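Engineer: Please find final32.txt (compact mmCIF, N, CA and C atoms) on the next line:
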# COMPACT_ATOMS: atom_id res chain seq x y z
N MET R 517 -81.21 -36.58 -76.28
CA MET R 517 -81.27 -38.00 -76.61
C MET R 517 -80.20 -38.73 -75.80
N GLU R 518 -80.60 -39.83 -75.23
CA GLU R 518 -79.67 -40.59 -74.40
C GLU R 518 -78.72 -41.42 -75.27
N LYS R 519 -77.50 -41.53 -74.81
CA LYS R 519 -76.49 -42.30 -75.53
C LYS R 519 -76.81 -43.79 -75.46
N HIS R 520 -76.44 -44.50 -76.51
CA HIS R 520 -76.59 -45.96 -76.55
C HIS R 520 -75.66 -46.57 -75.50
N ILE R 521 -76.07 -47.67 -74.92
CA ILE R 521 -75.31 -48.31 -73.84
C ILE R 521 -73.89 -48.66 -74.28
N SER R 522 -73.71 -49.07 -75.53
CA SER R 522 -72.36 -49.42 -75.98
C SER R 522 -71.46 -48.18 -76.01
N ILE R 523 -72.02 -47.03 -76.37
CA ILE R 523 -71.25 -45.78 -76.37
C ILE R 523 -70.86 -45.42 -74.94
N LYS R 524 -71.80 -45.58 -74.02
CA LYS R 524 -71.50 -45.30 -72.61
C LYS R 524 -70.36 -46.18 -72.11
N TYR R 525 -70.39 -47.46 -72.48
CA TYR R 525 -69.34 -48.38 -72.07
C TYR R 525 -67.99 -48.00 -72.69
N VAL R 526 -68.00 -47.65 -73.97
CA VAL R 526 -66.75 -47.25 -74.63
C VAL R 526 -66.16 -46.04 -73.92
N GLU R 527 -66.99 -45.03 -73.65
CA GLU R 527 -66.50 -43.82 -72.98
C GLU R 527 -65.99 -44.13 -71.58
N ALA R 528 -66.69 -45.01 -70.85
CA ALA R 528 -66.26 -45.38 -69.50
C ALA R 528 -64.93 -46.12 -69.53
N ILE R 529 -64.81 -47.08 -70.43
CA ILE R 529 -63.57 -47.85 -70.53
C ILE R 529 -62.41 -46.93 -70.91
N GLN R 530 -62.63 -46.04 -71.87
CA GLN R 530 -61.57 -45.13 -72.29
C GLN R 530 -61.21 -44.14 -71.19
N SER R 531 -62.17 -43.81 -70.35
CA SER R 531 -61.88 -42.94 -69.22
C SER R 531 -60.99 -43.65 -68.20
N ILE R 532 -61.25 -44.94 -68.01
CA ILE R 532 -60.45 -45.74 -67.07
C ILE R 532 -59.09 -46.07 -67.68
N ASN R 533 -59.10 -46.46 -68.96
CA ASN R 533 -57.86 -46.84 -69.65
C ASN R 533 -57.81 -46.15 -71.02
N PRO R 534 -57.18 -44.98 -71.09
CA PRO R 534 -57.13 -44.22 -72.35
C PRO R 534 -56.46 -44.98 -73.50
N ASN R 535 -55.70 -46.01 -73.20
CA ASN R 535 -55.01 -46.78 -74.24
C ASN R 535 -55.87 -47.87 -74.85
N TRP R 536 -57.05 -48.11 -74.31
CA TRP R 536 -57.92 -49.18 -74.80
C TRP R 536 -58.35 -48.88 -76.23
N SER R 537 -58.24 -49.88 -77.09
CA SER R 537 -58.62 -49.70 -78.49
C SER R 537 -59.47 -50.86 -78.98
N GLY R 538 -60.19 -51.46 -78.06
CA GLY R 538 -61.03 -52.61 -78.42
C GLY R 538 -62.35 -52.18 -79.03
N THR R 539 -63.29 -53.12 -79.05
CA THR R 539 -64.61 -52.87 -79.62
C THR R 539 -65.67 -53.44 -78.69
N ILE R 540 -66.88 -52.94 -78.85
CA ILE R 540 -68.02 -53.44 -78.09
C ILE R 540 -69.16 -53.70 -79.07
N THR R 541 -69.79 -54.86 -78.94
CA THR R 541 -70.95 -55.18 -79.76
C THR R 541 -72.10 -55.55 -78.84
N GLY R 542 -73.32 -55.42 -79.35
CA GLY R 542 -74.52 -55.75 -78.59
C GLY R 542 -75.43 -54.54 -78.46
N ASN R 543 -76.71 -54.81 -78.26
CA ASN R 543 -77.71 -53.74 -78.21
C ASN R 543 -78.23 -53.43 -76.82
N THR R 544 -78.07 -54.36 -75.89
CA THR R 544 -78.50 -54.12 -74.52
C THR R 544 -77.32 -54.42 -73.60
N GLU R 545 -77.42 -53.97 -72.37
CA GLU R 545 -76.32 -54.19 -71.43
C GLU R 545 -76.02 -55.68 -71.26
N ASP R 546 -77.06 -56.50 -71.25
CA ASP R 546 -76.86 -57.95 -71.10
C ASP R 546 -76.22 -58.59 -72.33
N GLU R 547 -76.37 -57.97 -73.50
CA GLU R 547 -75.82 -58.52 -74.74
C GLU R 547 -74.42 -58.04 -75.08
N LEU R 548 -73.93 -57.04 -74.35
CA LEU R 548 -72.65 -56.44 -74.71
C LEU R 548 -71.51 -57.45 -74.63
N VAL R 549 -70.69 -57.44 -75.68
CA VAL R 549 -69.48 -58.25 -75.73
C VAL R 549 -68.33 -57.29 -75.97
N ILE R 550 -67.36 -57.34 -75.05
CA ILE R 550 -66.22 -56.43 -75.13
C ILE R 550 -65.01 -57.18 -75.65
N ASN R 551 -64.42 -56.66 -76.73
CA ASN R 551 -63.17 -57.19 -77.26
C ASN R 551 -62.07 -56.31 -76.67
N TRP R 552 -61.27 -56.89 -75.79
CA TRP R 552 -60.27 -56.11 -75.07
C TRP R 552 -59.02 -55.84 -75.90
N ASN R 553 -58.88 -56.52 -77.01
CA ASN R 553 -57.77 -56.27 -77.95
C ASN R 553 -56.41 -56.29 -77.24
N GLY R 554 -56.24 -57.25 -76.34
CA GLY R 554 -54.96 -57.43 -75.67
C GLY R 554 -54.77 -56.58 -74.42
N GLU R 555 -55.68 -55.67 -74.14
CA GLU R 555 -55.58 -54.83 -72.94
C GLU R 555 -56.13 -55.59 -71.73
N ALA R 556 -55.69 -55.19 -70.56
CA ALA R 556 -56.19 -55.80 -69.33
C ALA R 556 -57.69 -55.53 -69.21
N GLU R 557 -58.45 -56.56 -68.85
CA GLU R 557 -59.89 -56.41 -68.71
C GLU R 557 -60.24 -55.59 -67.48
N ILE R 558 -61.33 -54.86 -67.58
CA ILE R 558 -61.88 -54.08 -66.48
C ILE R 558 -63.20 -54.73 -66.11
N SER R 559 -63.45 -54.89 -64.82
CA SER R 559 -64.67 -55.57 -64.40
C SER R 559 -65.91 -54.78 -64.83
N VAL R 560 -67.00 -55.51 -65.07
CA VAL R 560 -68.26 -54.87 -65.44
C VAL R 560 -68.70 -53.92 -64.33
N ALA R 561 -68.50 -54.30 -63.08
CA ALA R 561 -68.88 -53.44 -61.96
C ALA R 561 -68.13 -52.11 -62.02
N ASP R 562 -66.84 -52.16 -62.34
CA ASP R 562 -66.05 -50.92 -62.45
C ASP R 562 -66.51 -50.07 -63.63
N ILE R 563 -66.86 -50.73 -64.73
CA ILE R 563 -67.35 -50.00 -65.91
C ILE R 563 -68.69 -49.35 -65.58
N GLN R 564 -69.58 -50.10 -64.95
CA GLN R 564 -70.89 -49.56 -64.59
C GLN R 564 -70.75 -48.39 -63.61
N ALA R 565 -69.83 -48.50 -62.67
CA ALA R 565 -69.60 -47.41 -61.72
C ALA R 565 -69.11 -46.16 -62.44
N LYS R 566 -68.23 -46.34 -63.43
CA LYS R 566 -67.71 -45.20 -64.20
C LYS R 566 -68.82 -44.60 -65.05
N VAL R 567 -69.68 -45.44 -65.65
CA VAL R 567 -70.81 -44.93 -66.44
C VAL R 567 -71.69 -44.06 -65.55
N SER R 568 -72.00 -44.56 -64.36
CA SER R 568 -72.83 -43.81 -63.42
C SER R 568 -72.17 -42.49 -63.02
N GLU R 569 -70.88 -42.55 -62.75
CA GLU R 569 -70.12 -41.34 -62.39
C GLU R 569 -70.16 -40.31 -63.52
N MET R 570 -69.99 -40.78 -64.75
CA MET R 570 -69.99 -39.88 -65.90
C MET R 570 -71.38 -39.29 -66.15
N GLU R 571 -72.43 -40.10 -65.96
CA GLU R 571 -73.79 -39.60 -66.12
C GLU R 571 -74.11 -38.54 -65.06
N THR R 572 -73.66 -38.77 -63.84
CA THR R 572 -73.88 -37.80 -62.77
C THR R 572 -73.15 -36.50 -63.07
N ALA R 573 -71.91 -36.60 -63.53
CA ALA R 573 -71.13 -35.41 -63.86
C ALA R 573 -71.79 -34.62 -64.99
N GLU R 574 -72.32 -35.32 -65.98
CA GLU R 574 -73.00 -34.67 -67.10
C GLU R 574 -74.28 -33.97 -66.63
N ALA R 575 -75.05 -34.65 -65.78
CA ALA R 575 -76.27 -34.05 -65.25
C ALA R 575 -75.96 -32.83 -64.40
N ASN R 576 -74.90 -32.92 -63.60
CA ASN R 576 -74.50 -31.78 -62.76
C ASN R 576 -74.06 -30.60 -63.61
N ALA R 577 -73.36 -30.86 -64.70
CA ALA R 577 -72.92 -29.79 -65.60
C ALA R 577 -74.11 -29.09 -66.24
N ILE R 578 -75.12 -29.86 -66.63
CA ILE R 578 -76.33 -29.29 -67.23
C ILE R 578 -77.05 -28.42 -66.20
N THR R 579 -77.17 -28.92 -64.98
CA THR R 579 -77.83 -28.16 -63.91
C THR R 579 -77.07 -26.88 -63.61
N GLU R 580 -75.75 -26.96 -63.56
CA GLU R 580 -74.93 -25.77 -63.29
C GLU R 580 -75.13 -24.72 -64.39
N LYS R 581 -75.17 -25.16 -65.64
CA LYS R 581 -75.37 -24.24 -66.75
C LYS R 581 -76.75 -23.58 -66.66
N GLU R 582 -77.77 -24.37 -66.33
CA GLU R 582 -79.12 -23.81 -66.18
C GLU R 582 -79.17 -22.80 -65.04
N ASN R 583 -78.50 -23.12 -63.94
CA ASN R 583 -78.46 -22.20 -62.80
C ASN R 583 -77.75 -20.89 -63.14
N LEU R 584 -76.66 -21.00 -63.90
CA LEU R 584 -75.94 -19.80 -64.33
C LEU R 584 -76.81 -18.92 -65.24
N LYS R 585 -77.55 -19.56 -66.14
CA LYS R 585 -78.45 -18.81 -67.02
C LYS R 585 -79.51 -18.08 -66.20
N ALA R 586 -80.09 -18.79 -65.24
CA ALA R 586 -81.12 -18.17 -64.40
C ALA R 586 -80.55 -17.02 -63.59
N SER R 587 -79.36 -17.19 -63.05
CA SER R 587 -78.71 -16.14 -62.27
C SER R 587 -78.40 -14.94 -63.15
N ALA R 588 -77.90 -15.19 -64.34
CA ALA R 588 -77.57 -14.10 -65.26
C ALA R 588 -78.82 -13.33 -65.65
N LYS R 589 -79.90 -14.05 -65.93
CA LYS R 589 -81.15 -13.40 -66.31
C LYS R 589 -81.65 -12.52 -65.16
N ALA R 590 -81.62 -13.05 -63.95
CA ALA R 590 -82.08 -12.29 -62.79
C ALA R 590 -81.23 -11.02 -62.60
N LYS R 591 -79.93 -11.15 -62.79
CA LYS R 591 -79.04 -10.00 -62.63
C LYS R 591 -79.30 -8.96 -63.73
N LEU R 592 -79.54 -9.41 -64.96
CA LEU R 592 -79.83 -8.47 -66.04
C LEU R 592 -81.12 -7.71 -65.76
N ILE R 593 -82.12 -8.43 -65.31
CA ILE R 593 -83.40 -7.79 -64.99
C ILE R 593 -83.23 -6.77 -63.87
N ALA R 594 -82.40 -7.11 -62.88
CA ALA R 594 -82.17 -6.22 -61.73
C ALA R 594 -81.13 -5.15 -62.02
N GLY R 595 -80.49 -5.21 -63.18
CA GLY R 595 -79.48 -4.22 -63.53
C GLY R 595 -78.16 -4.42 -62.81
N GLU R 596 -77.90 -5.64 -62.37
CA GLU R 596 -76.65 -5.95 -61.66
C GLU R 596 -75.59 -6.44 -62.63
N ALA R 597 -74.34 -6.33 -62.21
CA ALA R 597 -73.22 -6.82 -63.04
C ALA R 597 -73.20 -8.35 -63.06
N LEU R 598 -72.83 -8.89 -64.20
CA LEU R 598 -72.70 -10.34 -64.36
C LEU R 598 -71.28 -10.77 -64.08
N THR R 599 -71.13 -12.01 -63.62
CA THR R 599 -69.79 -12.58 -63.55
C THR R 599 -69.37 -12.94 -64.98
N GLU R 600 -68.09 -13.16 -65.18
CA GLU R 600 -67.62 -13.54 -66.52
C GLU R 600 -68.27 -14.85 -66.95
N GLU R 601 -68.39 -15.80 -66.02
CA GLU R 601 -68.98 -17.09 -66.34
C GLU R 601 -70.44 -16.93 -66.77
N GLU R 602 -71.19 -16.07 -66.09
CA GLU R 602 -72.59 -15.82 -66.47
C GLU R 602 -72.68 -15.19 -67.85
N ALA R 603 -71.79 -14.23 -68.13
CA ALA R 603 -71.78 -13.59 -69.44
C ALA R 603 -71.44 -14.60 -70.53
N ASN R 604 -70.49 -15.47 -70.27
CA ASN R 604 -70.12 -16.49 -71.25
C ASN R 604 -71.28 -17.42 -71.55
N ILE R 605 -72.02 -17.80 -70.52
CA ILE R 605 -73.18 -18.69 -70.72
C ILE R 605 -74.21 -18.01 -71.61
N LEU R 606 -74.44 -16.72 -71.39
CA LEU R 606 -75.44 -16.00 -72.18
C LEU R 606 -75.07 -15.88 -73.65
N ILE R 607 -73.79 -15.75 -73.94
CA ILE R 607 -73.37 -15.59 -75.33
C ILE R 607 -72.91 -16.91 -75.97
N GLY R 608 -73.00 -17.99 -75.19
CA GLY R 608 -72.70 -19.30 -75.74
C GLY R 608 -71.24 -19.66 -75.83
N VAL R 609 -70.43 -19.06 -74.98
CA VAL R 609 -68.99 -19.36 -74.98
C VAL R 609 -68.72 -20.49 -74.02
Starting from the coordinates I provided, produce the structure as structure tokens.

Structural biologist:
Amino acid sequence: MEKHISIKYVEAIQSINPNWSGTITGNTEDELVINWNGEAEISVADIQAKVSEMETAEANAITEKENLKASAKAKLIAGEALTEEEANILIGV
């Protein structure tokens, strides 16, 4: 399930400024209102760039995990030794 746009913005802002403690309201990107709570404002372009960066990183992590699972399965079938990372993926660590 995809995250709500306001959650994505909160995570992006906190990634840029971990001290931010404001709020975001609105249901669509065009409706979002950010309460900066006294913190320096971050441009919407910078927030959108961080959201995109975070989405790409998340997608890459999912792909890497899937690739490790496939590699581990192939090695098990072939009777080859697994790397520690492959073994961890198989047992959910």

Engineer: Mind checking which residues fall within 7 Å of range 570-586 of chain R, counting all atoms listed in the file, ignoring those fewer than 6 positions away in the same chain, and posting them as a list of chain:residue names?

Structural biologist: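 The residues satisfying every condition are R:Glu601, R:Glu602, R:Ile605, R:Leu606.
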
Engineer: Next, write the just-selected residues to a file, as a PDB file, keeping the file's coordinate frame, keeping N, CA and C atoms as the atom set.

Structural biologist:
ATOM      1  N   GLU R 601     -68.390 -15.800 -66.020  1.00  0.00           N
ATOM      2  CA  GLU R 601     -68.980 -17.090 -66.340  1.00  0.00           C
ATOM      3  C   GLU R 601     -70.440 -16.930 -66.770  1.00  0.00           C
ATOM      4  N   GLU R 602     -71.190 -16.070 -66.090  1.00  0.00           N
ATOM      5  CA  GLU R 602     -72.590 -15.820 -66.470  1.00  0.00           C
ATOM      6  C   GLU R 602     -72.680 -15.190 -67.850  1.00  0.00           C
ATOM      7  N   ILE R 605     -72.020 -17.800 -70.520  1.00  0.00           N
ATOM      8  CA  ILE R 605     -73.180 -18.690 -70.720  1.00  0.00           C
ATOM      9  C   ILE R 605     -74.210 -18.010 -71.610  1.00  0.00           C
ATOM     10  N   LEU R 606     -74.440 -16.720 -71.390  1.00  0.00           N
ATOM     11  CA  LEU R 606     -75.440 -16.000 -72.180  1.00  0.00           C
ATOM     12  C   LEU R 606     -75.070 -15.880 -73.650  1.00  0.00           C
TER      13      LEU R 606
END

Engineer: How many Å separate atom N of Asn533 in chain R from atom N of Ile521 in chain R?

Structural biologist: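 Result for atom N of Asn533 in chain R versus atom N of Ile521 in chain R: 18.0 Å, one decimal.
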
Engineer: Padding 6 Å on every side, please: axis-aligned box over the listed atoms of range 547-556 of chain R, centre and edge lengths to one decimal in Å, as AutoDock Vina command-line options.

Structural biologist:
--center_x -65.6 --center_y -56.7 --center_z -73.6 --size_x 33.6 --size_y 15.7 --size_z 20.7

Engineer: Hey, what does DSSP flag as strand (DSSP E) within chain R? Can you give it to me as an mmCIF file with N, CA and C atoms, keeping the file's coordinate frame?

Structural biologist:
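What ended up in result-v9.cif:
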data_model
loop_
_atom_site.group_PDB
_atom_site.id
_atom_site.type_symbol
_atom_site.label_atom_id
_atom_site.label_comp_id
_atom_site.auth_asym_id
_atom_site.auth_seq_id
_atom_site.Cartn_x
_atom_site.Cartn_y
_atom_site.Cartn_z
ATOM 1 N N THR R 539 -63.290 -53.120 -79.050
ATOM 2 C CA THR R 539 -64.610 -52.870 -79.620
ATOM 3 C C THR R 539 -65.670 -53.440 -78.690
ATOM 4 N N ILE R 540 -66.880 -52.940 -78.850
ATOM 5 C CA ILE R 540 -68.020 -53.440 -78.090
ATOM 6 C C ILE R 540 -69.160 -53.700 -79.070
ATOM 7 N N THR R 541 -69.790 -54.860 -78.940
ATOM 8 C CA THR R 541 -70.950 -55.180 -79.760
ATOM 9 C C THR R 541 -72.100 -55.550 -78.840
ATOM 10 N N VAL R 549 -70.690 -57.440 -75.680
ATOM 11 C CA VAL R 549 -69.480 -58.250 -75.730
ATOM 12 C C VAL R 549 -68.330 -57.290 -75.970
ATOM 13 N N ILE R 550 -67.360 -57.340 -75.050
ATOM 14 C CA ILE R 550 -66.220 -56.430 -75.130
ATOM 15 C C ILE R 550 -65.010 -57.180 -75.650
ATOM 16 N N ASN R 551 -64.420 -56.660 -76.730
ATOM 17 C CA ASN R 551 -63.170 -57.190 -77.260
ATOM 18 C C ASN R 551 -62.070 -56.310 -76.670
#

Engineer: Restricting the calculation to only N, CA and C atoms: of R:Leu548, R:Ala590, R:Ala528, R:Val609, which residue gets closest to Ala565 in chain R?

Structural biologist: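 Using only N, CA and C atoms, the shortest distance to Ala565 in chain R belongs to R:Ala528.
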
Engineer: Looking at R:Glu555, R:Lys589, R:Lys524, R:Val567, which one is nearest to Trp536 in chain R, with distances taken over all atoms listed in the file?

Structural biologist: R:Glu555

Engineer: Just the number, please: distance in Å from CA of Ser559 in chain R to CA of Lys519 in chain R, one decimal.

Structural biologist: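 It comes out at 21.0 Å.
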
Engineer: By how many Å are CA of Val549 in chain R and atom N of Glu518 in chain R apart?

Structural biologist: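 For CA of Val549 in chain R relative to atom N of Glu518 in chain R, the distance reads 21.5 Å.
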
Engineer: Which residues are close to Val526 in chain R, i.e. within 10 Å by only C-alpha atoms, leaving aside same-chain residues fewer than 2 positions away? Reply as a list in words.

Structural biologist: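 Here the answer would be Ile521, Ser522, Ile523, Lys524, Ala528, Ile529, Gln530, Ser531, Ile532, Trp536, Ser537, Gly538, Thr539, Ile540, Ile550, Ile563 and Val567 of chain R.
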
Engineer: Residues of the last selection are to be written out with N, CA and C atoms, as a PDB file, in the frame of the given file.

Structural biologist:
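Output file part_28.pdb is given in full below:
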ATOM      1  N   ILE R 521     -76.070 -47.670 -74.920  1.00  0.00           N
ATOM      2  CA  ILE R 521     -75.310 -48.310 -73.840  1.00  0.00           C
ATOM      3  C   ILE R 521     -73.890 -48.660 -74.280  1.00  0.00           C
ATOM      4  N   SER R 522     -73.710 -49.070 -75.530  1.00  0.00           N
ATOM      5  CA  SER R 522     -72.360 -49.420 -75.980  1.00  0.00           C
ATOM      6  C   SER R 522     -71.460 -48.180 -76.010  1.00  0.00           C
ATOM      7  N   ILE R 523     -72.020 -47.030 -76.370  1.00  0.00           N
ATOM      8  CA  ILE R 523     -71.250 -45.780 -76.370  1.00  0.00           C
ATOM      9  C   ILE R 523     -70.860 -45.420 -74.940  1.00  0.00           C
ATOM     10  N   LYS R 524     -71.800 -45.580 -74.020  1.00  0.00           N
ATOM     11  CA  LYS R 524     -71.500 -45.300 -72.610  1.00  0.00           C
ATOM     12  C   LYS R 524     -70.360 -46.180 -72.110  1.00  0.00           C
ATOM     13  N   ALA R 528     -66.690 -45.010 -70.850  1.00  0.00           N
ATOM     14  CA  ALA R 528     -66.260 -45.380 -69.500  1.00  0.00           C
ATOM     15  C   ALA R 528     -64.930 -46.120 -69.530  1.00  0.00           C
ATOM     16  N   ILE R 529     -64.810 -47.080 -70.430  1.00  0.00           N
ATOM     17  CA  ILE R 529     -63.570 -47.850 -70.530  1.00  0.00           C
ATOM     18  C   ILE R 529     -62.410 -46.930 -70.910  1.00  0.00           C
ATOM     19  N   GLN R 530     -62.630 -46.040 -71.870  1.00  0.00           N
ATOM     20  CA  GLN R 530     -61.570 -45.130 -72.290  1.00  0.00           C
ATOM     21  C   GLN R 530     -61.210 -44.140 -71.190  1.00  0.00           C
ATOM     22  N   SER R 531     -62.170 -43.810 -70.350  1.00  0.00           N
ATOM     23  CA  SER R 531     -61.880 -42.940 -69.220  1.00  0.00           C
ATOM     24  C   SER R 531     -60.990 -43.650 -68.200  1.00  0.00           C
ATOM     25  N   ILE R 532     -61.250 -44.940 -68.010  1.00  0.00           N
ATOM     26  CA  ILE R 532     -60.450 -45.740 -67.070  1.00  0.00           C
ATOM     27  C   ILE R 532     -59.090 -46.070 -67.680  1.00  0.00           C
ATOM     28  N   TRP R 536     -57.050 -48.110 -74.310  1.00  0.00           N
ATOM     29  CA  TRP R 536     -57.920 -49.180 -74.800  1.00  0.00           C
ATOM     30  C   TRP R 536     -58.350 -48.880 -76.230  1.00  0.00           C
ATOM     31  N   SER R 537     -58.240 -49.880 -77.090  1.00  0.00           N
ATOM     32  CA  SER R 537     -58.620 -49.700 -78.490  1.00  0.00           C
ATOM     33  C   SER R 537     -59.470 -50.860 -78.980  1.00  0.00           C
ATOM     34  N   GLY R 538     -60.190 -51.460 -78.060  1.00  0.00           N
ATOM     35  CA  GLY R 538     -61.030 -52.610 -78.420  1.00  0.00           C
ATOM     36  C   GLY R 538     -62.350 -52.180 -79.030  1.00  0.00           C
ATOM     37  N   THR R 539     -63.290 -53.120 -79.050  1.00  0.00           N
ATOM     38  CA  THR R 539     -64.610 -52.870 -79.620  1.00  0.00           C
ATOM     39  C   THR R 539     -65.670 -53.440 -78.690  1.00  0.00           C
ATOM     40  N   ILE R 540     -66.880 -52.940 -78.850  1.00  0.00           N
ATOM     41  CA  ILE R 540     -68.020 -53.440 -78.090  1.00  0.00           C
ATOM     42  C   ILE R 540     -69.160 -53.700 -79.070  1.00  0.00           C
ATOM     43  N   ILE R 550     -67.360 -57.340 -75.050  1.00  0.00           N
ATOM     44  CA  ILE R 550     -66.220 -56.430 -75.130  1.00  0.00           C
ATOM     45  C   ILE R 550     -65.010 -57.180 -75.650  1.00  0.00           C
ATOM     46  N   ILE R 563     -66.860 -50.730 -64.730  1.00  0.00           N
ATOM     47  CA  ILE R 563     -67.350 -50.000 -65.910  1.00  0.00           C
ATOM     48  C   ILE R 563     -68.690 -49.350 -65.580  1.00  0.00           C
ATOM     49  N   VAL R 567     -69.680 -45.440 -65.650  1.00  0.00           N
ATOM     50  CA  VAL R 567     -70.810 -44.930 -66.440  1.00  0.00           C
ATOM     51  C   VAL R 567     -71.690 -44.060 -65.550  1.00  0.00           C
TER      52      VAL R 567
END

Engineer: Using only N, CA and C atoms, can you tell me which of R:His520, R:Asn543, R:Tyr525, R:Glu596 comes closest to Gln564 in chain R?

Structural biologist: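 Of R:His520, R:Asn543, R:Tyr525, R:Glu596, the one nearest Gln564 in chain R is R:Tyr525, counting only N, CA and C atoms.
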
Engineer: Restricting the calculation to all atoms listed in the file: of R:Ser568, R:Thr541, R:Asn535, R:Ser587, which residue gets closest to Thr599 in chain R?

Structural biologist: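 Using all atoms listed in the file, Thr599 in chain R sits closest to R:Ser587.
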
Engineer: Within range 522-607 of chain R, find each residue whose DSSP state, derived from the backbone, is helix (DSSP H, G or I), and express the selection as a ChimeraX atom specification.

Structural biologist: /R:522-532,545-547,560-594,600-607
